[in-house]
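Visitor: Structure file input-v6.cif (mmCIF, C-alpha atoms) right here:
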data_input
#
loop_
_atom_site.group_PDB
_atom_site.id
_atom_site.type_symbol
_atom_site.label_atom_id
_atom_site.label_comp_id
_atom_site.auth_asym_id
_atom_site.auth_seq_id
_atom_site.Cartn_x
_atom_site.Cartn_y
_atom_site.Cartn_z
ATOM 1 C CA MET A 1 -39.807 4.836 -16.158
ATOM 2 C CA ASP A 2 -42.046 1.783 -15.804
ATOM 3 C CA ILE A 3 -45.575 2.911 -14.883
ATOM 4 C CA GLU A 4 -46.488 -0.564 -13.641
ATOM 5 C CA ALA A 5 -43.525 -0.439 -11.286
ATOM 6 C CA LEU A 6 -44.863 2.824 -9.860
ATOM 7 C CA ARG A 7 -48.271 1.210 -9.310
ATOM 8 C CA THR A 8 -46.566 -1.724 -7.616
ATOM 9 C CA LEU A 9 -44.562 0.526 -5.287
ATOM 10 C CA VAL A 10 -47.723 2.369 -4.213
ATOM 11 C CA ALA A 11 -49.519 -0.947 -3.633
ATOM 12 C CA VAL A 12 -46.662 -2.313 -1.496
ATOM 13 C CA ALA A 13 -46.385 0.941 0.468
ATOM 14 C CA GLU A 14 -50.111 0.872 1.263
ATOM 15 C CA ALA A 15 -50.335 -2.877 1.969
ATOM 16 C CA GLY A 16 -47.008 -3.308 3.792
ATOM 17 C CA GLN A 17 -46.684 -6.824 2.332
ATOM 18 C CA PHE A 18 -45.438 -8.019 -1.056
ATOM 19 C CA GLN A 19 -47.974 -10.848 -1.163
ATOM 20 C CA THR A 20 -50.921 -8.594 -0.310
ATOM 21 C CA ALA A 21 -49.846 -6.142 -3.002
ATOM 22 C CA ALA A 22 -49.447 -9.027 -5.458
ATOM 23 C CA ASP A 23 -53.004 -10.208 -4.719
ATOM 24 C CA GLU A 24 -54.402 -6.695 -5.262
ATOM 25 C CA LEU A 25 -52.534 -6.298 -8.551
ATOM 26 C CA GLY A 26 -53.323 -9.809 -9.768
ATOM 27 C CA ILE A 27 -49.689 -10.789 -10.253
ATOM 28 C CA SER A 28 -47.213 -13.072 -8.459
ATOM 29 C CA GLN A 29 -45.097 -12.054 -5.482
ATOM 30 C CA GLN A 30 -42.049 -12.721 -7.653
ATOM 31 C CA ALA A 31 -43.316 -10.196 -10.223
ATOM 32 C CA VAL A 32 -43.800 -7.618 -7.458
ATOM 33 C CA SER A 33 -40.205 -8.118 -6.272
ATOM 34 C CA LYS A 34 -38.892 -7.879 -9.838
ATOM 35 C CA ARG A 35 -40.730 -4.592 -10.500
ATOM 36 C CA ILE A 36 -39.535 -3.006 -7.262
ATOM 37 C CA MET A 37 -35.944 -4.094 -7.878
ATOM 38 C CA GLY A 38 -36.070 -2.679 -11.404
ATOM 39 C CA LEU A 39 -37.426 0.647 -10.159
ATOM 40 C CA GLU A 40 -34.781 0.886 -7.429
ATOM 41 C CA LYS A 41 -32.060 0.081 -9.944
ATOM 42 C CA SER A 42 -33.231 2.785 -12.364
ATOM 43 C CA LEU A 43 -33.334 5.371 -9.541
ATOM 44 C CA GLY A 44 -30.149 4.211 -7.839
ATOM 45 C CA VAL A 45 -31.724 4.163 -4.381
ATOM 46 C CA ALA A 46 -33.478 1.691 -2.103
ATOM 47 C CA LEU A 47 -37.148 2.542 -1.826
ATOM 48 C CA LEU A 48 -38.202 -0.184 0.590
ATOM 49 C CA VAL A 49 -36.750 -1.670 3.722
ATOM 50 C CA ARG A 50 -37.473 -5.401 3.979
ATOM 51 C CA THR A 51 -38.147 -6.757 7.475
ATOM 52 C CA SER A 52 -39.342 -10.046 8.929
ATOM 53 C CA HIS A 53 -42.792 -8.490 9.319
ATOM 54 C CA GLY A 54 -43.058 -7.121 5.781
ATOM 55 C CA SER A 55 -41.830 -3.971 4.023
ATOM 56 C CA ARG A 56 -41.789 -0.277 4.810
ATOM 57 C CA LEU A 57 -40.657 2.751 2.866
ATOM 58 C CA SER A 58 -37.081 3.908 3.232
ATOM 59 C CA LEU A 59 -36.391 7.633 3.663
ATOM 60 C CA ASP A 60 -35.862 7.866 -0.108
ATOM 61 C CA GLY A 61 -39.073 5.897 -0.605
ATOM 62 C CA GLN A 62 -40.997 8.323 1.605
ATOM 63 C CA VAL A 63 -39.744 11.247 -0.513
ATOM 64 C CA PHE A 64 -40.484 9.438 -3.783
ATOM 65 C CA LEU A 65 -43.963 8.077 -2.983
ATOM 66 C CA PRO A 66 -45.966 11.375 -3.257
ATOM 67 C CA HIS A 67 -44.416 12.043 -6.674
ATOM 68 C CA ALA A 68 -45.215 8.522 -7.833
ATOM 69 C CA LYS A 69 -48.845 9.017 -6.793
ATOM 70 C CA LYS A 70 -48.989 12.326 -8.709
ATOM 71 C CA VAL A 71 -47.655 10.624 -11.845
ATOM 72 C CA LEU A 72 -50.283 7.885 -11.599
ATOM 73 C CA ALA A 73 -53.049 10.430 -10.969
ATOM 74 C CA ALA A 74 -51.943 12.491 -13.986
ATOM 75 C CA LEU A 75 -51.901 9.357 -16.142
ATOM 76 C CA GLU A 76 -55.410 8.423 -15.020
ATOM 77 C CA GLU A 77 -56.627 11.942 -15.787
ATOM 78 C CA ALA A 78 -55.040 11.803 -19.249
ATOM 79 C CA GLU A 79 -56.650 8.422 -19.981
ATOM 80 C CA GLN A 80 -60.018 9.629 -18.743
ATOM 81 C CA ALA A 81 -59.851 12.694 -20.996
ATOM 82 C CA VAL A 82 -59.837 10.588 -24.172
ATOM 83 C CA ARG A 83 -62.119 7.737 -23.180
ATOM 84 C CA PRO A 84 -65.217 7.550 -25.414
ATOM 85 C CA GLY A 85 -67.772 10.057 -24.177
ATOM 86 C CA SER A 86 -65.375 11.983 -21.948
ATOM 87 C CA ARG A 87 -65.105 14.882 -24.401
ATOM 88 C CA PRO A 88 -67.741 16.459 -26.648
ATOM 89 C CA LEU A 89 -68.434 14.935 -30.050
ATOM 90 C CA ARG A 90 -66.971 17.404 -32.570
ATOM 91 C CA VAL A 91 -69.287 17.766 -35.575
ATOM 92 C CA ASP A 92 -68.670 19.658 -38.823
ATOM 93 C CA VAL A 93 -72.032 20.982 -40.052
ATOM 94 C CA LEU A 94 -70.576 22.881 -43.065
ATOM 95 C CA ASN A 95 -72.890 25.900 -42.695
ATOM 96 C CA ARG A 96 -75.040 26.834 -39.710
ATOM 97 C CA ARG A 97 -78.081 27.696 -41.860
ATOM 98 C CA ILE A 98 -78.439 24.437 -43.707
ATOM 99 C CA ALA A 99 -80.053 21.093 -42.891
ATOM 100 C CA PRO A 100 -77.170 19.305 -41.088
ATOM 101 C CA ALA A 101 -76.773 22.139 -38.575
ATOM 102 C CA GLN A 102 -80.524 22.270 -38.005
ATOM 103 C CA ALA A 103 -80.699 18.483 -37.564
ATOM 104 C CA VAL A 104 -77.856 18.519 -35.029
ATOM 105 C CA TYR A 105 -79.513 21.433 -33.220
ATOM 106 C CA ARG A 106 -82.810 19.524 -32.973
ATOM 107 C CA PHE A 107 -80.877 16.515 -31.681
ATOM 108 C CA TYR A 108 -79.248 18.657 -29.002
ATOM 109 C CA ARG A 109 -82.592 20.147 -27.979
ATOM 110 C CA SER A 110 -83.976 16.631 -27.524
ATOM 111 C CA ARG A 111 -80.907 15.662 -25.445
ATOM 112 C CA PRO A 112 -79.627 18.871 -23.822
ATOM 113 C CA GLY A 113 -77.075 16.981 -21.764
ATOM 114 C CA ALA A 114 -75.313 15.500 -24.814
ATOM 115 C CA GLY A 115 -71.700 16.582 -25.208
ATOM 116 C CA LEU A 116 -71.529 18.316 -28.595
ATOM 117 C CA ASP A 117 -69.190 20.787 -30.265
ATOM 118 C CA THR A 118 -70.132 22.087 -33.731
ATOM 119 C CA VAL A 119 -67.777 23.670 -36.245
ATOM 120 C CA THR A 120 -68.053 24.727 -39.897
ATOM 121 C CA LEU A 121 -65.329 23.578 -42.271
ATOM 122 C CA GLY A 122 -66.864 25.660 -45.033
ATOM 123 C CA GLU A 123 -63.622 26.064 -46.954
ATOM 124 C CA GLU A 124 -63.129 22.294 -47.275
ATOM 125 C CA ASN A 125 -64.674 20.230 -50.054
ATOM 126 C CA ALA A 126 -66.018 16.742 -49.343
ATOM 127 C CA ALA A 127 -62.634 15.054 -49.779
ATOM 128 C CA GLY A 128 -61.038 17.582 -47.414
ATOM 129 C CA ALA A 129 -63.769 17.040 -44.823
ATOM 130 C CA ALA A 130 -63.246 13.274 -45.044
ATOM 131 C CA ARG A 131 -59.518 13.802 -44.415
ATOM 132 C CA ALA A 132 -60.334 15.986 -41.403
ATOM 133 C CA VAL A 133 -62.436 13.146 -39.974
ATOM 134 C CA LEU A 134 -59.735 10.584 -40.725
ATOM 135 C CA GLU A 135 -57.038 12.742 -39.091
ATOM 136 C CA GLY A 136 -59.184 13.445 -36.032
ATOM 137 C CA THR A 137 -59.666 17.190 -36.556
ATOM 138 C CA VAL A 138 -63.393 16.488 -36.269
ATOM 139 C CA ASP A 139 -65.299 13.350 -35.328
ATOM 140 C CA VAL A 140 -68.201 13.779 -37.761
ATOM 141 C CA SER A 141 -68.927 15.641 -40.988
ATOM 142 C CA PHE A 142 -71.997 15.900 -43.226
ATOM 143 C CA ARG A 143 -71.078 15.862 -46.916
ATOM 144 C CA ALA A 144 -72.340 14.696 -50.287
ATOM 145 C CA LEU A 145 -69.311 12.528 -50.883
ATOM 146 C CA PRO A 146 -68.875 10.663 -54.162
ATOM 147 C CA ALA A 147 -68.590 6.935 -53.539
ATOM 148 C CA GLU A 148 -65.183 6.723 -55.209
ATOM 149 C CA GLN A 149 -63.814 9.384 -52.852
ATOM 150 C CA VAL A 150 -64.651 7.571 -49.598
ATOM 151 C CA PRO A 151 -61.188 6.804 -48.157
ATOM 152 C CA ALA A 152 -60.265 3.650 -46.276
ATOM 153 C CA GLY A 153 -61.107 4.052 -42.612
ATOM 154 C CA ILE A 154 -64.149 6.277 -43.263
ATOM 155 C CA ARG A 155 -67.776 5.196 -42.970
ATOM 156 C CA ALA A 156 -70.262 7.145 -45.117
ATOM 157 C CA GLU A 157 -73.972 6.798 -44.280
ATOM 158 C CA ARG A 158 -76.797 8.476 -46.211
ATOM 159 C CA LEU A 159 -78.822 9.549 -43.174
ATOM 160 C CA LEU A 160 -79.960 12.990 -44.294
ATOM 161 C CA ASP A 161 -81.438 13.182 -47.787
ATOM 162 C CA GLU A 162 -82.692 16.762 -47.891
ATOM 163 C CA PRO A 163 -85.591 17.506 -50.313
ATOM 164 C CA LEU A 164 -85.054 20.632 -52.406
ATOM 165 C CA GLU A 165 -87.545 23.469 -52.619
ATOM 166 C CA LEU A 166 -87.918 26.377 -55.005
ATOM 167 C CA LEU A 167 -87.639 29.794 -53.335
ATOM 168 C CA VAL A 168 -89.211 32.668 -55.288
ATOM 169 C CA GLY A 169 -90.597 36.147 -54.856
ATOM 170 C CA PRO A 170 -94.337 36.923 -55.023
ATOM 171 C CA GLY A 171 -94.120 37.987 -58.663
ATOM 172 C CA HIS A 172 -92.606 34.745 -59.944
ATOM 173 C CA PRO A 173 -94.853 32.598 -62.229
ATOM 174 C CA SER A 174 -94.572 29.659 -59.796
ATOM 175 C CA ALA A 175 -95.321 31.701 -56.660
ATOM 176 C CA GLY A 176 -98.936 30.532 -56.408
ATOM 177 C CA LYS A 177 -98.333 26.827 -57.055
ATOM 178 C CA GLU A 178 -98.509 24.141 -54.367
ATOM 179 C CA TRP A 179 -95.613 22.277 -55.952
ATOM 180 C CA VAL A 180 -93.691 22.166 -59.226
ATOM 181 C CA ARG A 181 -91.857 19.545 -61.284
ATOM 182 C CA PRO A 182 -88.116 20.004 -61.708
ATOM 183 C CA ALA A 183 -88.525 19.668 -65.486
ATOM 184 C CA ASP A 184 -90.995 22.592 -65.452
ATOM 185 C CA LEU A 185 -88.163 24.865 -64.328
ATOM 186 C CA ALA A 186 -86.285 24.455 -67.616
ATOM 187 C CA GLY A 187 -85.878 27.889 -69.155
ATOM 188 C CA HIS A 188 -86.259 29.712 -65.825
ATOM 189 C CA ARG A 189 -83.261 31.411 -64.278
ATOM 190 C CA ILE A 190 -82.173 29.684 -61.075
ATOM 191 C CA TRP A 191 -79.537 31.732 -59.284
ATOM 192 C CA ILE A 192 -77.296 30.044 -56.716
ATOM 193 C CA PRO A 193 -74.345 32.379 -56.144
ATOM 194 C CA GLY A 194 -71.207 31.167 -54.429
ATOM 195 C CA ILE A 195 -70.901 27.676 -55.968
ATOM 196 C CA ARG A 196 -67.170 26.957 -55.945
ATOM 197 C CA THR A 197 -65.524 24.828 -58.607
ATOM 198 C CA GLY A 198 -64.344 21.458 -57.326
ATOM 199 C CA THR A 199 -66.821 21.229 -54.474
ATOM 200 C CA GLU A 200 -69.398 18.508 -53.973
ATOM 201 C CA TRP A 201 -72.265 20.993 -54.274
ATOM 202 C CA GLU A 202 -70.905 22.176 -57.641
ATOM 203 C CA ARG A 203 -70.969 18.547 -58.801
ATOM 204 C CA PHE A 204 -74.465 18.073 -57.349
ATOM 205 C CA TYR A 205 -75.956 21.086 -59.148
ATOM 206 C CA ARG A 206 -74.230 20.117 -62.392
ATOM 207 C CA SER A 207 -75.827 16.652 -62.141
ATOM 208 C CA LEU A 208 -79.196 18.230 -61.339
ATOM 209 C CA SER A 209 -78.942 20.553 -64.334
ATOM 210 C CA GLU A 210 -78.073 17.700 -66.680
ATOM 211 C CA ALA A 211 -80.877 15.492 -65.341
ATOM 212 C CA PHE A 212 -83.674 18.060 -65.809
ATOM 213 C CA GLY A 213 -82.324 20.539 -68.341
ATOM 214 C CA LEU A 214 -82.069 23.342 -65.801
ATOM 215 C CA SER A 215 -80.138 26.575 -66.151
ATOM 216 C CA ILE A 216 -78.417 27.162 -62.825
ATOM 217 C CA ASP A 217 -76.551 30.450 -62.689
ATOM 218 C CA ALA A 218 -73.676 30.748 -60.217
ATOM 219 C CA LEU A 219 -72.245 33.904 -61.785
ATOM 220 C CA GLY A 220 -71.734 37.158 -59.963
ATOM 221 C CA PRO A 221 -70.426 37.984 -56.525
ATOM 222 C CA ASN A 222 -71.970 36.322 -53.498
ATOM 223 C CA PHE A 223 -73.031 39.127 -51.155
ATOM 224 C CA GLY A 224 -74.641 36.719 -48.703
ATOM 225 C CA ASP A 225 -78.082 35.306 -48.013
ATOM 226 C CA GLU A 226 -79.685 38.662 -47.220
ATOM 227 C CA ALA A 227 -78.695 40.069 -50.619
ATOM 228 C CA LEU A 228 -80.106 36.947 -52.308
ATOM 229 C CA MET A 229 -83.428 37.416 -50.486
ATOM 230 C CA ASP A 230 -83.496 41.068 -51.589
ATOM 231 C CA ALA A 231 -82.998 40.059 -55.217
ATOM 232 C CA LEU A 232 -85.713 37.383 -55.099
ATOM 233 C CA ALA A 233 -88.237 39.755 -53.558
ATOM 234 C CA ASP A 234 -87.661 42.349 -56.289
ATOM 235 C CA SER A 235 -87.719 39.946 -59.245
ATOM 236 C CA GLY A 236 -90.562 38.337 -61.162
ATOM 237 C CA SER A 237 -88.286 35.786 -62.847
ATOM 238 C CA LEU A 238 -85.460 34.954 -60.454
ATOM 239 C CA ALA A 239 -85.538 31.780 -58.330
ATOM 240 C CA THR A 240 -83.157 29.776 -56.182
ATOM 241 C CA LEU A 241 -83.094 26.320 -54.628
ATOM 242 C CA VAL A 242 -82.941 25.608 -50.897
ATOM 243 C CA GLY A 243 -83.205 22.543 -48.718
ATOM 244 C CA SER A 244 -86.515 21.977 -46.960
ATOM 245 C CA GLY A 245 -84.665 21.993 -43.634
ATOM 246 C CA ASP A 246 -82.480 25.017 -44.377
ATOM 247 C CA ARG A 247 -83.135 28.015 -42.155
ATOM 248 C CA TYR A 248 -83.463 31.354 -43.937
ATOM 249 C CA LEU A 249 -85.146 34.486 -42.619
ATOM 250 C CA TRP A 250 -86.471 37.498 -44.488
ATOM 251 C CA PRO A 251 -88.805 40.430 -43.776
ATOM 252 C CA GLU A 252 -92.470 39.504 -43.947
ATOM 253 C CA SER A 253 -93.022 42.232 -46.514
ATOM 254 C CA TYR A 254 -90.849 40.337 -49.014
ATOM 255 C CA GLY A 255 -93.553 37.697 -49.486
ATOM 256 C CA LEU A 256 -91.124 34.978 -50.525
ATOM 257 C CA ARG A 257 -92.546 31.499 -51.207
ATOM 258 C CA ARG A 258 -90.998 28.086 -50.573
ATOM 259 C CA ILE A 259 -92.437 25.615 -53.084
ATOM 260 C CA PRO A 260 -91.803 21.831 -52.899
ATOM 261 C CA LEU A 261 -90.410 20.013 -55.935
ATOM 262 C CA ARG A 262 -92.109 16.754 -56.917
ATOM 263 C CA GLU A 263 -92.268 14.130 -59.686
ATOM 264 C CA PRO A 264 -89.517 13.496 -58.796
ATOM 265 C CA THR A 265 -88.303 15.170 -55.613
ATOM 266 C CA PRO A 266 -84.596 16.031 -55.900
ATOM 267 C CA VAL A 267 -82.733 15.417 -52.635
ATOM 268 C CA TYR A 268 -79.330 16.616 -51.554
ATOM 269 C CA PRO A 269 -77.593 13.452 -50.244
ATOM 270 C CA HIS A 270 -75.871 14.524 -47.017
ATOM 271 C CA ALA A 271 -73.804 11.559 -45.808
ATOM 272 C CA LEU A 272 -72.664 11.203 -42.223
ATOM 273 C CA LEU A 273 -68.885 10.735 -42.344
ATOM 274 C CA THR A 274 -67.177 9.082 -39.378
ATOM 275 C CA ARG A 275 -64.105 6.985 -38.715
ATOM 276 C CA THR A 276 -64.899 3.276 -38.838
ATOM 277 C CA ASP A 277 -63.417 2.885 -35.346
ATOM 278 C CA GLN A 278 -65.290 5.840 -33.814
ATOM 279 C CA GLN A 279 -67.073 4.709 -30.632
ATOM 280 C CA HIS A 280 -68.263 7.968 -29.067
ATOM 281 C CA PRO A 281 -71.617 7.235 -27.355
ATOM 282 C CA VAL A 282 -73.125 10.540 -28.529
ATOM 283 C CA LEU A 283 -72.501 9.453 -32.136
ATOM 284 C CA THR A 284 -74.700 6.400 -31.578
ATOM 285 C CA GLU A 285 -77.479 8.630 -30.267
ATOM 286 C CA LEU A 286 -77.066 11.062 -33.176
ATOM 287 C CA ARG A 287 -77.362 8.231 -35.712
ATOM 288 C CA GLU A 288 -80.552 7.003 -34.068
ATOM 289 C CA HIS A 289 -81.991 10.523 -34.046
ATOM 290 C CA LEU A 290 -81.213 11.080 -37.732
ATOM 291 C CA ARG A 291 -82.783 7.772 -38.716
ATOM 292 C CA ALA A 292 -85.933 8.561 -36.731
ATOM 293 C CA SER A 293 -86.302 12.184 -37.819
ATOM 294 C CA ALA A 294 -85.054 12.158 -41.430
ATOM 295 C CA PRO A 295 -87.213 14.159 -43.871
ATOM 296 C CA ARG A 296 -89.906 12.025 -45.454
ATOM 297 C CA THR A 297 -90.649 12.343 -49.161
ATOM 298 C CA THR A 298 -93.634 11.074 -51.109
ATOM 299 C CA GLY A 299 -93.410 9.655 -54.605
ATOM 300 C CA ASP A 300 -90.272 9.395 -56.702
ATOM 301 C CA VAL A 301 -86.963 10.721 -55.442
ATOM 302 C CA TRP A 302 -83.940 11.795 -57.465
ATOM 303 C CA ALA A 303 -80.370 11.827 -56.191
ATOM 304 C CA PRO A 304 -77.141 11.817 -58.223
ATOM 305 C CA ASP A 305 -75.931 8.315 -58.966
ATOM 306 C CA TRP A 306 -72.419 9.143 -57.732
ATOM 307 C CA ALA A 307 -73.455 9.841 -54.127
ATOM 308 C CA ALA A 308 -72.137 7.474 -51.468
ATOM 309 C CA CYS A 309 -74.802 5.246 -49.920
#
Have the structure of the file written as structure tokens, please.
Guide:
Amino acid sequence: MDIEALRTLVAVAEAGQFQTAADELGISQQAVSKRIMGLEKSLGVALLVRTSHGSRLSLDGQVFLPHAKKVLAALEEAEQAVRPGSRPLRVDVLNRRIAPAQAVYRFYRSRPGAGLDTVTLGEENAAGAARAVLEGTVDVSFRALPAEQVPAGIRAERLLDEPLELLVGPGHPSAGKEWVRPADLAGHRIWIPGIRTGTEWERFYRSLSEAFGLSIDALGPNFGDEALMDALADSGSLATLVGSGDRYLWPESYGLRRIPLREPTPVYPHALLTRTDQQHPVLTELREHLRASAPRTTGDVWAPDWAAC
């Protein structure tokens, strides 16, 4: 059924004149007549009675009009539901403890009225997250996506370079230092359990290891963050790496230390992945927030050369 014909019927019924309805719709009187005739033909009934003074609804037209109005109202509601800004911006933050989730949370706190919906596609690698954005499962994802894996239709923006920090227990040799060089960690055991083969973070830590001669151990079961904190607190040699904006909590008695890395500062290159045609107004605000509040580093910075810019 022709939706424009339904709109025309409603306009004629309310105006009582073909010409008045034509003026309201911005079309010719001939076009109004053609639409009404087409609608009547498809239904097999006369909807209007033409008189010398104008037009009025027939009995069939009076029965049909309320249904036509409901169809038009439902169509308007459907269109409104998907107009930019009418629904929350759906953002994949990967993990609720790490920097992207914390950055989005700070953005929301600065704009509590912003329509946001956060999810964690933790089982997807960067390529899978990019596909989810492209297919519309999510509107935004934060990933360290290799440049050669950015698909057509996806925009990748390096808006959240997260400086890495060393996390150690009080008995570790570096516990009392203000900062350490990545190269000084060669020979120390850095334990990052849970790195999955084929993921972007596995590629990142492999590049980091090769760049600075580090020994990053991903072996053993991953019993969660709390178990990792327990192990660090009890060890004088074990260390791990965390982002400066990652949120981890531990008992005060553990005495864990977060120590910045410098000369150079390694950064994890979180890229904001969006569709190139995405026009959600909250996305514009989120971009501006990330640019204004991105972590600042001093001195040299290291990032893998494969990361999308």
Visitor: Go through A:Gln279, A:Thr118, A:Thr265, A:Ser207 and flag the residue nearest Val301 in chain A, using only C-alpha atoms for the distances.
Guide: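 The shortest atom-to-atom distance to Val301 in chain A comes from A:Thr265.
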Visitor: Run through the PyMOL selection byres ((chain A and resi 286) around 10) on the given coordinates and return the selected residues as a VMD selection string.
Guide: chain A and resid 89 103 to 104 107 to 108 111 114 281 to 285 287 to 292
Visitor: Using the chain letters and numbers from the file, which residues does the PyMOL selection byres ((chain A and resi 229-243) around 8) grab, as an NGL selection string?
Guide: :A and (98-99 or 162-173 or 188-192 or 225-228 or 244-246 or 250 or 254-256 or 268)
Visitor: Export, as a PDB file, in the frame of the given file, the selected residues with C-alpha atoms.
Guide:
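Just written: selection_4.pdb:
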ATOM      1  CA  ILE A  98     -78.439  24.437 -43.707  1.00  0.00           C
ATOM      2  CA  ALA A  99     -80.053  21.093 -42.891  1.00  0.00           C
ATOM      3  CA  GLU A 162     -82.692  16.762 -47.891  1.00  0.00           C
ATOM      4  CA  PRO A 163     -85.591  17.506 -50.313  1.00  0.00           C
ATOM      5  CA  LEU A 164     -85.054  20.632 -52.406  1.00  0.00           C
ATOM      6  CA  GLU A 165     -87.545  23.469 -52.619  1.00  0.00           C
ATOM      7  CA  LEU A 166     -87.918  26.377 -55.005  1.00  0.00           C
ATOM      8  CA  LEU A 167     -87.639  29.794 -53.335  1.00  0.00           C
ATOM      9  CA  VAL A 168     -89.211  32.668 -55.288  1.00  0.00           C
ATOM     10  CA  GLY A 169     -90.597  36.147 -54.856  1.00  0.00           C
ATOM     11  CA  PRO A 170     -94.337  36.923 -55.023  1.00  0.00           C
ATOM     12  CA  GLY A 171     -94.120  37.987 -58.663  1.00  0.00           C
ATOM     13  CA  HIS A 172     -92.606  34.745 -59.944  1.00  0.00           C
ATOM     14  CA  PRO A 173     -94.853  32.598 -62.229  1.00  0.00           C
ATOM     15  CA  HIS A 188     -86.259  29.712 -65.825  1.00  0.00           C
ATOM     16  CA  ARG A 189     -83.261  31.411 -64.278  1.00  0.00           C
ATOM     17  CA  ILE A 190     -82.173  29.684 -61.075  1.00  0.00           C
ATOM     18  CA  TRP A 191     -79.537  31.732 -59.284  1.00  0.00           C
ATOM     19  CA  ILE A 192     -77.296  30.044 -56.716  1.00  0.00           C
ATOM     20  CA  ASP A 225     -78.082  35.306 -48.013  1.00  0.00           C
ATOM     21  CA  GLU A 226     -79.685  38.662 -47.220  1.00  0.00           C
ATOM     22  CA  ALA A 227     -78.695  40.069 -50.619  1.00  0.00           C
ATOM     23  CA  LEU A 228     -80.106  36.947 -52.308  1.00  0.00           C
ATOM     24  CA  SER A 244     -86.515  21.977 -46.960  1.00  0.00           C
ATOM     25  CA  GLY A 245     -84.665  21.993 -43.634  1.00  0.00           C
ATOM     26  CA  ASP A 246     -82.480  25.017 -44.377  1.00  0.00           C
ATOM     27  CA  TRP A 250     -86.471  37.498 -44.488  1.00  0.00           C
ATOM     28  CA  TYR A 254     -90.849  40.337 -49.014  1.00  0.00           C
ATOM     29  CA  GLY A 255     -93.553  37.697 -49.486  1.00  0.00           C
ATOM     30  CA  LEU A 256     -91.124  34.978 -50.525  1.00  0.00           C
ATOM     31  CA  TYR A 268     -79.330  16.616 -51.554  1.00  0.00           C
TER      32      TYR A 268
END
Visitor: Give me the residues within 8 Å of Gly153 in chain A as a PyMOL selection string, counting all atoms listed in the file and dropping any in the same chain fewer than 5 places off.
Guide: chain A and resi 134+275-277
Visitor: When you draw a straight line from CA of Asp60 in chain A to CA of Ala78 in chain A, how long is it in Å?
Guide: 27.4 Å
Visitor: Would you work out the distance separating CA of Phe223 in chain A from CA of Gly128 in chain A, expressed in Å to one decimal?
Guide: 24.9 Å
Visitor: The residues within 10 Å of (-75.9, 29.3, -62.3), using all atoms listed in the file and the coordinates of the file, should be reported as an NGL selection string; which are they?
Guide: :A and (189-195 or 202 or 205-206 or 209 or 214-220 or 240)
Visitor: If the PyMOL selection byres ((chain A and resi 119) around 8) were run on this exact file, what residues would it hold? Put them as a ChimeraX atom specification.
Guide: /A:90-94,117-118,120-121
Visitor: Using all atoms listed in the file, which of the listed residues (A:Arg155, A:Asp161, A:Gly224, A:Glu124) sits closest to Thr199 in chain A?
Guide: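 That would be A:Glu124, the residue with the smallest distance to Thr199 in chain A.
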Visitor: Tell me which protein, DNA and RNA residues are within 12 Å of range 64-74 of chain A, counting all atoms listed in the file, leaving out same-chain ones fewer than 4 positions away, and put them as number ranges by chain.
Guide: A: 1-14, 39-40, 43, 45-48, 56-60, 78-81
Visitor: Residues near Trp179 in chain A, anyone? I mean within 10 Å using all atoms listed in the file, not counting same-chain ones fewer than 3 positions away, as number ranges by chain.
Guide: A: 165-166, 174-176, 182, 258-263
Visitor: List every protein, DNA or RNA residue that has an atom no more than 7 Å from (-86.0, 18.8, -65.8) in the file's coordinate frame, counting all atoms listed in the file, and report them as a ChimeraX atom specification.
Guide: /A:182-186,211-214
